[in-house]
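Enquirer: My structure is in start22.cif, and what it holds is mmCIF, C-alpha atoms:
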```
data_final
loop_
_atom_site.label_atom_id
_atom_site.label_comp_id
_atom_site.auth_asym_id
_atom_site.auth_seq_id
_atom_site.Cartn_x
_atom_site.Cartn_y
_atom_site.Cartn_z
CA MET T 1 0.00 0.00 0.00
CA THR T 2 2.07 2.90 -1.29
CA ARG T 3 0.65 6.25 -2.35
CA VAL T 4 3.50 8.58 -3.23
CA HIS T 5 3.43 12.26 -3.99
CA THR T 6 5.92 15.04 -3.40
CA THR T 7 4.87 18.19 -1.55
CA PRO T 8 6.13 21.72 -2.25
CA SER T 9 8.39 21.28 0.81
CA ASN T 10 10.17 18.36 -0.87
CA ILE T 11 8.62 15.91 1.58
CA GLN T 12 7.86 12.69 -0.27
CA ILE T 13 4.69 11.32 1.31
CA ILE T 14 4.31 7.55 0.96
CA TYR T 15 1.06 7.18 2.90
CA GLU T 16 -1.36 9.46 4.74
CA ASP T 17 -4.75 9.22 6.43
CA ASN T 18 -6.42 10.88 9.43
CA HIS T 19 -4.11 9.15 11.93
CA LEU T 20 -0.77 8.56 10.21
CA ILE T 21 1.63 10.13 7.75
CA ALA T 22 4.62 8.24 6.34
CA VAL T 23 7.43 9.86 4.38
CA ASN T 24 10.51 8.77 2.47
CA LYS T 25 13.23 10.50 4.49
CA ARG T 26 16.21 11.85 2.61
CA SER T 27 19.71 11.28 3.93
CA GLY T 28 20.67 14.27 6.05
CA ASP T 29 17.15 14.94 7.35
CA LEU T 30 16.60 14.74 11.10
CA VAL T 31 13.61 12.76 12.33
CA GLN T 32 13.51 14.50 15.70
CA GLY T 33 15.28 17.61 17.00
CA ASP T 34 18.77 17.33 18.48
CA LYS T 35 21.58 19.57 19.71
CA SER T 36 22.37 20.65 16.12
CA GLY T 37 19.32 22.91 16.19
CA ASP T 38 18.42 21.94 12.62
CA PRO T 39 14.68 21.70 11.92
CA PRO T 40 13.53 18.06 12.22
CA LEU T 41 11.03 16.31 9.97
CA SER T 42 8.47 16.25 12.77
CA GLU T 43 8.37 20.09 12.76
CA ILE T 44 8.58 20.40 8.98
CA ILE T 45 5.60 18.06 8.61
CA LYS T 46 3.62 20.05 11.19
CA GLU T 47 4.19 23.25 9.24
CA PHE T 48 3.35 21.58 5.94
CA ILE T 49 0.04 20.17 7.23
CA LYS T 50 -0.84 23.48 8.89
CA ARG T 51 -0.38 25.35 5.57
CA ARG T 52 -1.91 22.69 3.34
CA ASP T 53 -5.02 22.16 5.45
CA ASN T 54 -5.40 25.77 6.60
CA LYS T 55 -5.38 24.73 10.24
CA PRO T 56 -5.72 27.66 12.64
CA GLY T 57 -4.44 25.84 15.74
CA ASN T 58 -1.54 23.55 16.57
CA VAL T 59 -0.88 20.46 14.47
CA PHE T 60 -0.01 17.15 16.15
CA CYS T 61 2.90 15.15 14.71
CA GLY T 62 4.17 12.44 17.05
CA VAL T 63 7.49 10.69 16.50
CA ILE T 64 6.95 6.92 16.57
CA HIS T 65 10.38 5.67 15.55
CA ARG T 66 13.65 7.08 14.22
CA ILE T 67 16.33 6.30 11.68
CA ASP T 68 19.83 7.79 11.74
CA ARG T 69 20.42 11.16 10.07
CA PRO T 70 22.62 9.81 7.21
CA VAL T 71 20.14 6.98 6.52
CA SER T 72 17.26 7.30 4.03
CA GLY T 73 13.90 5.56 3.86
CA VAL T 74 10.45 5.13 5.31
CA VAL T 75 9.50 6.84 8.57
CA VAL T 76 5.93 6.98 9.91
CA PHE T 77 4.57 9.72 12.20
CA ALA T 78 1.33 9.90 14.20
CA LYS T 79 -1.18 12.65 13.45
CA THR T 80 -3.23 11.91 16.59
CA SER T 81 -2.34 11.07 20.19
CA LYS T 82 -4.43 7.88 19.94
CA ALA T 83 -2.37 6.70 16.97
CA LEU T 84 0.87 7.57 18.75
CA SER T 85 0.07 5.54 21.87
CA ARG T 86 -1.13 2.53 19.86
CA MET T 87 1.84 2.59 17.51
CA ASN T 88 4.23 2.91 20.45
CA ALA T 89 2.60 -0.19 21.92
CA GLN T 90 3.27 -2.06 18.68
CA LEU T 91 6.91 -1.01 18.81
CA LYS T 92 7.19 -2.21 22.39
CA GLU T 93 5.60 -5.53 21.42
CA LYS T 94 8.06 -5.76 18.48
CA SER T 95 5.25 -6.16 15.96
CA PHE T 96 6.76 -3.60 13.56
CA GLN T 97 8.45 -5.44 10.67
CA LYS T 98 11.33 -3.43 9.23
CA THR T 99 13.44 -4.28 6.20
CA TYR T 100 16.56 -2.33 5.33
CA TRP T 101 18.71 -2.42 2.22
CA ALA T 102 22.45 -1.92 2.69
CA ILE T 103 25.17 -1.56 0.07
CA VAL T 104 28.35 -3.00 1.58
CA GLU T 105 32.01 -3.14 0.59
CA LYS T 106 32.52 -6.90 0.93
CA GLU T 107 30.44 -9.99 0.19
CA PRO T 108 29.28 -11.64 3.42
CA SER T 109 30.24 -15.24 4.14
CA PRO T 110 27.90 -17.02 4.40
CA THR T 111 25.70 -15.02 2.02
CA SER T 112 22.77 -15.21 4.45
CA GLY T 113 22.50 -15.71 8.17
CA LYS T 114 22.05 -14.10 11.58
CA LEU T 115 24.36 -11.83 13.54
CA PHE T 116 24.30 -11.79 17.34
CA ASN T 117 26.44 -9.36 19.33
CA PHE T 118 26.64 -7.38 22.55
CA LEU T 119 26.64 -3.63 21.94
CA LYS T 120 27.45 -0.70 24.20
CA LYS T 121 26.75 2.93 23.28
CA ASN T 122 29.40 5.57 23.90
CA GLU T 123 27.40 8.76 24.43
CA ALA T 124 30.40 11.11 24.06
CA LYS T 125 31.33 9.67 20.64
CA ASN T 126 27.73 8.92 19.56
CA LYS T 127 28.95 5.50 18.54
CA SER T 128 28.27 1.90 19.53
CA PHE T 129 30.94 -0.72 20.13
CA THR T 130 30.80 -4.51 19.89
CA TYR T 131 31.82 -6.84 22.71
CA LYS T 132 32.47 -10.57 22.47
CA LYS T 133 30.70 -11.22 25.77
CA GLU T 134 28.15 -9.38 27.84
CA GLU T 135 29.58 -6.62 30.01
CA SER T 136 28.05 -3.88 32.13
CA GLY T 137 26.00 -1.54 29.96
CA CYS T 138 25.88 -3.94 27.01
CA LYS T 139 22.66 -4.81 25.18
CA LYS T 140 22.00 -7.87 23.06
CA ALA T 141 21.67 -7.13 19.36
CA GLU T 142 20.42 -9.50 16.69
CA LEU T 143 19.64 -9.22 12.99
CA SER T 144 19.29 -11.43 9.93
CA TYR T 145 20.66 -10.65 6.49
CA SER T 146 20.74 -12.04 2.96
CA LEU T 147 22.60 -11.14 -0.21
CA LEU T 148 20.26 -9.74 -2.88
CA ALA T 149 22.64 -8.67 -5.66
CA LYS T 150 26.22 -7.66 -6.43
CA SER T 151 28.18 -5.39 -8.74
CA ASP T 152 31.88 -5.43 -9.55
CA ARG T 153 32.77 -3.73 -6.27
CA PHE T 154 29.73 -3.65 -4.01
CA PHE T 155 27.05 -5.94 -2.60
CA LEU T 156 23.37 -5.32 -1.77
CA LEU T 157 22.05 -6.89 1.42
CA SER T 158 18.53 -7.17 2.79
CA VAL T 159 18.68 -6.70 6.56
CA LEU T 160 15.94 -7.47 9.10
CA PRO T 161 16.72 -6.10 12.58
CA ILE T 162 15.32 -8.34 15.31
CA THR T 163 16.29 -5.95 18.11
CA GLY T 164 16.47 -2.16 17.89
CA ARG T 165 19.77 -0.86 19.25
CA HIS T 166 21.72 2.34 18.66
CA HIS T 167 23.41 2.15 15.21
CA GLN T 168 22.75 -1.59 15.33
CA ILE T 169 22.85 -2.43 11.62
CA ARG T 170 25.87 -0.23 11.03
CA VAL T 171 27.98 -1.62 13.85
CA GLN T 172 26.97 -5.27 13.43
CA LEU T 173 27.64 -5.29 9.68
CA SER T 174 30.97 -3.54 10.27
CA PHE T 175 32.00 -6.10 12.90
CA ASN T 176 31.05 -8.83 10.42
CA GLY T 177 33.46 -7.35 7.85
CA THR T 178 30.65 -6.07 5.62
CA ILE T 179 31.03 -2.32 6.12
CA ILE T 180 28.29 -0.10 4.73
CA LYS T 181 29.44 2.07 1.82
CA GLY T 182 30.11 5.64 2.95
CA ASP T 183 29.89 4.90 6.68
CA LEU T 184 33.18 6.43 7.83
CA LYS T 185 32.15 6.15 11.49
CA TYR T 186 32.17 2.36 11.20
CA GLY T 187 35.15 1.82 8.93
CA ALA T 188 34.18 2.69 5.35
CA LYS T 189 37.10 3.39 3.01
CA ARG T 190 35.68 6.70 1.79
CA SER T 191 32.61 8.87 2.21
CA ASN T 192 29.72 9.19 -0.22
CA LYS T 193 29.74 12.47 -2.15
CA ASP T 194 26.45 13.62 -0.59
CA GLY T 195 27.43 12.68 2.97
CA SER T 196 24.94 9.82 3.09
CA ILE T 197 25.62 6.24 4.04
CA SER T 198 24.28 3.51 1.77
CA LEU T 199 21.66 2.25 4.21
CA HIS T 200 17.98 2.60 3.29
CA ALA T 201 14.86 1.78 5.31
CA ARG T 202 13.17 0.01 2.41
CA GLU T 203 9.98 -1.48 3.87
CA LEU T 204 7.79 -1.16 6.96
CA THR T 205 4.81 -3.33 7.89
CA PHE T 206 2.49 -2.76 10.85
CA ILE T 207 -1.16 -2.91 11.93
CA HIS T 208 -3.09 0.31 11.47
CA PRO T 209 -3.83 1.78 14.92
CA THR T 210 -7.57 2.28 14.33
CA GLN T 211 -8.51 0.28 11.23
CA LYS T 212 -6.66 -2.85 12.48
CA THR T 213 -5.61 -3.69 8.92
CA GLU T 214 -2.07 -4.49 7.83
CA ILE T 215 -0.20 -1.58 6.26
CA ASN T 216 2.85 -2.27 4.09
CA LEU T 217 4.95 0.71 3.00
CA ILE T 218 7.86 0.69 0.55
CA ALA T 219 10.25 3.63 0.09
CA ASP T 220 11.97 4.25 -3.24
CA VAL T 221 15.77 4.17 -3.04
CA PRO T 222 17.74 7.43 -3.36
CA LYS T 223 18.30 8.82 -6.86
CA ASP T 224 21.79 7.46 -7.33
CA GLU T 225 23.47 5.43 -10.07
CA LEU T 226 24.54 2.56 -7.82
CA TRP T 227 21.17 2.34 -6.03
CA ASN T 228 19.43 2.31 -9.42
CA PHE T 229 21.74 -0.46 -10.61
CA PHE T 230 20.79 -2.64 -7.66
CA VAL T 231 17.07 -1.91 -7.92
CA ASN T 232 17.14 -3.07 -11.52
CA LYS T 233 18.96 -6.23 -10.43
CA VAL T 234 16.42 -7.08 -7.73
CA ILE T 235 13.09 -6.04 -9.27
#
```
Written as structure tokens, that's how I'd like the structure from this file.
Expert:
Amino acid sequence: MTRVHTTPSNIQIIYEDNHLIAVNKRSGDLVQGDKSGDPPLSEIIKEFIKRRDNKPGNVFCGVIHRIDRPVSGVVVFAKTSKALSRMNAQLKEKSFQKTYWAIVEKEPSPTSGKLFNFLKKNEAKNKSFTYKKEESGCKKAELSYSLLAKSDRFFLLSVLPITGRHHQIRVQLSFNGTIIKGDLKYGAKRSNKDGSISLHARELTFIHPTQKTEINLIADVPKDELWNFFVNKVI
């Protein structure tokens, strides 16, 4: 269920109804405000809805989940407090199904499998580190992956996070030797020209908070030659 249109504010809306709005986040956009002071998507969407719908009062836009600033892909926001509380409950119950696509520098061996690690976040460096055994402050992290396609130099993985830890996909793939293209923080050889990392929140499936029907959202990959190459390989 994907209904895409681009607003005058360059927000690409994937899905919208009275309770939810889902967008295809560009790399570099913030989901929620941070110490940078840059306007986050949550505020940009509020302003857009206020103008579009001629709303005289405040507009509600609740942050349900986040993806890292250099990551692109689908993010869903709540337009009502009822939707926010019910979607948060789904997150807590781990009933959100998320699929990411990652372009990595090395082919994984085996080409599909599960990764299980202990991660600890370093707040000062805004970075997570991997530990061989559980230590104080560590959290268990688990994901599954599979190889979808490959080019001469890079490899496209489908990644399904089972847990939701800080920078989980980035640090676990790096520890596995399959570093995400452009992710200098976790060992990439060089940056991407636009400052992005080649990690994309491709698909999100959940139960609608009021209609109780399954919603499946797919976000187009960034407009980039390598991403387009892989899309044509997979689809």
Enquirer: For the provided coordinates, the residues matched by the PyMOL selection byres ((chain T and resi 75) around 10) should be stated as a ChimeraX atom specification.
Expert: /T:13-14,21-25,31,41,63-67,72-74,76-77,201-204,217,219
Enquirer: Given the file shown, enumerate the residues that the PyMOL selection byres ((chain T and resi 121-127) around 9) captures and present them as a short mmCIF file (atom, residue, chain, number, x, y, z; two decimals) with C-alpha atoms, in the frame of the given file.
Expert:
```
data_model
loop_
_atom_site.label_atom_id
_atom_site.label_comp_id
_atom_site.auth_asym_id
_atom_site.auth_seq_id
_atom_site.Cartn_x
_atom_site.Cartn_y
_atom_site.Cartn_z
CA LEU T 119 26.64 -3.63 21.94
CA LYS T 120 27.45 -0.70 24.20
CA SER T 128 28.27 1.90 19.53
CA PHE T 129 30.94 -0.72 20.13
CA GLY T 137 26.00 -1.54 29.96
CA CYS T 138 25.88 -3.94 27.01
CA LYS T 139 22.66 -4.81 25.18
CA ARG T 165 19.77 -0.86 19.25
CA HIS T 166 21.72 2.34 18.66
CA HIS T 167 23.41 2.15 15.21
CA VAL T 171 27.98 -1.62 13.85
CA LYS T 185 32.15 6.15 11.49
CA TYR T 186 32.17 2.36 11.20
#
```
Enquirer: Put the listed atoms of region 96-103 of chain T in a box along x, y and z with 4 Å added on every side and give me the centre and edge lengths in Å to one decimal, as JSON.
Expert:
```
{"center_x": 16.0, "center_y": -3.5, "center_z": 6.8, "size_x": 26.4, "size_y": 11.9, "size_z": 21.5}
```
Enquirer: List the residues matched by the PyMOL selection byres ((chain T and resi 150) around 10) in the displayed structure as a PDB file with C-alpha atoms, in the frame of the given file, ordered by chain and then by residue number.
Expert:
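Below is the file part_26.pdb, written as the result:
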```
ATOM      1  CA  ILE T 103      25.170  -1.560   0.070  1.00  0.00           C
ATOM      2  CA  VAL T 104      28.350  -3.000   1.580  1.00  0.00           C
ATOM      3  CA  LYS T 106      32.520  -6.900   0.930  1.00  0.00           C
ATOM      4  CA  GLU T 107      30.440  -9.990   0.190  1.00  0.00           C
ATOM      5  CA  LEU T 147      22.600 -11.140  -0.210  1.00  0.00           C
ATOM      6  CA  LEU T 148      20.260  -9.740  -2.880  1.00  0.00           C
ATOM      7  CA  ALA T 149      22.640  -8.670  -5.660  1.00  0.00           C
ATOM      8  CA  SER T 151      28.180  -5.390  -8.740  1.00  0.00           C
ATOM      9  CA  ASP T 152      31.880  -5.430  -9.550  1.00  0.00           C
ATOM     10  CA  ARG T 153      32.770  -3.730  -6.270  1.00  0.00           C
ATOM     11  CA  PHE T 154      29.730  -3.650  -4.010  1.00  0.00           C
ATOM     12  CA  PHE T 155      27.050  -5.940  -2.600  1.00  0.00           C
ATOM     13  CA  LEU T 156      23.370  -5.320  -1.770  1.00  0.00           C
ATOM     14  CA  LEU T 157      22.050  -6.890   1.420  1.00  0.00           C
ATOM     15  CA  PHE T 229      21.740  -0.460 -10.610  1.00  0.00           C
ATOM     16  CA  PHE T 230      20.790  -2.640  -7.660  1.00  0.00           C
ATOM     17  CA  LYS T 233      18.960  -6.230 -10.430  1.00  0.00           C
ATOM     18  CA  VAL T 234      16.420  -7.080  -7.730  1.00  0.00           C
TER      19      VAL T 234
END
```
Enquirer: Using all atoms listed in the file, which of the listed residues (T:Lys212, T:Lys98, T:Lys133, T:Lys223) sits closest to Ser198 (chain T)?
Expert: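 Checking each of T:Lys212, T:Lys98, T:Lys133, T:Lys223 against Ser198 (chain T), counting all atoms listed in the file, the winner is T:Lys223.
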Enquirer: Find the distance between CA of Lys94 (chain T) and CA of Gln211 (chain T) and write it in Å to one decimal.
Expert: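 Value for the CA of Lys94 (chain T)-CA of Gln211 (chain T) distance: 19.1 Å.
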Enquirer: So how many Å separate CA of Ser158 (chain T) and CA of Pro108 (chain T), to one decimal?
Expert: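 Atom-to-atom, CA of Ser158 (chain T) to CA of Pro108 (chain T), that is 11.7 Å.
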Enquirer: Point out the residue among T:Phe206, T:Phe96, T:Phe48, T:Trp101 with the least atom-to-atom distance to Trp227 (chain T), counting all atoms listed in the file.
Expert: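 Nearest to Trp227 (chain T): T:Trp101.
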Enquirer: If you measure from CA of Asp220 (chain T) to CA of Ala102 (chain T), what distance in Å do you get, rounded to one decimal?
Expert: 13.5 Å
Enquirer: From the set T:Ile11, T:Ala83, T:Leu184, T:Leu20, which residue has the shortest atom-to-atom contact distance to Ile44 (chain T), counting all atoms listed in the file?
Expert: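 Closest to Ile44 (chain T), using all atoms listed in the file: T:Ile11.
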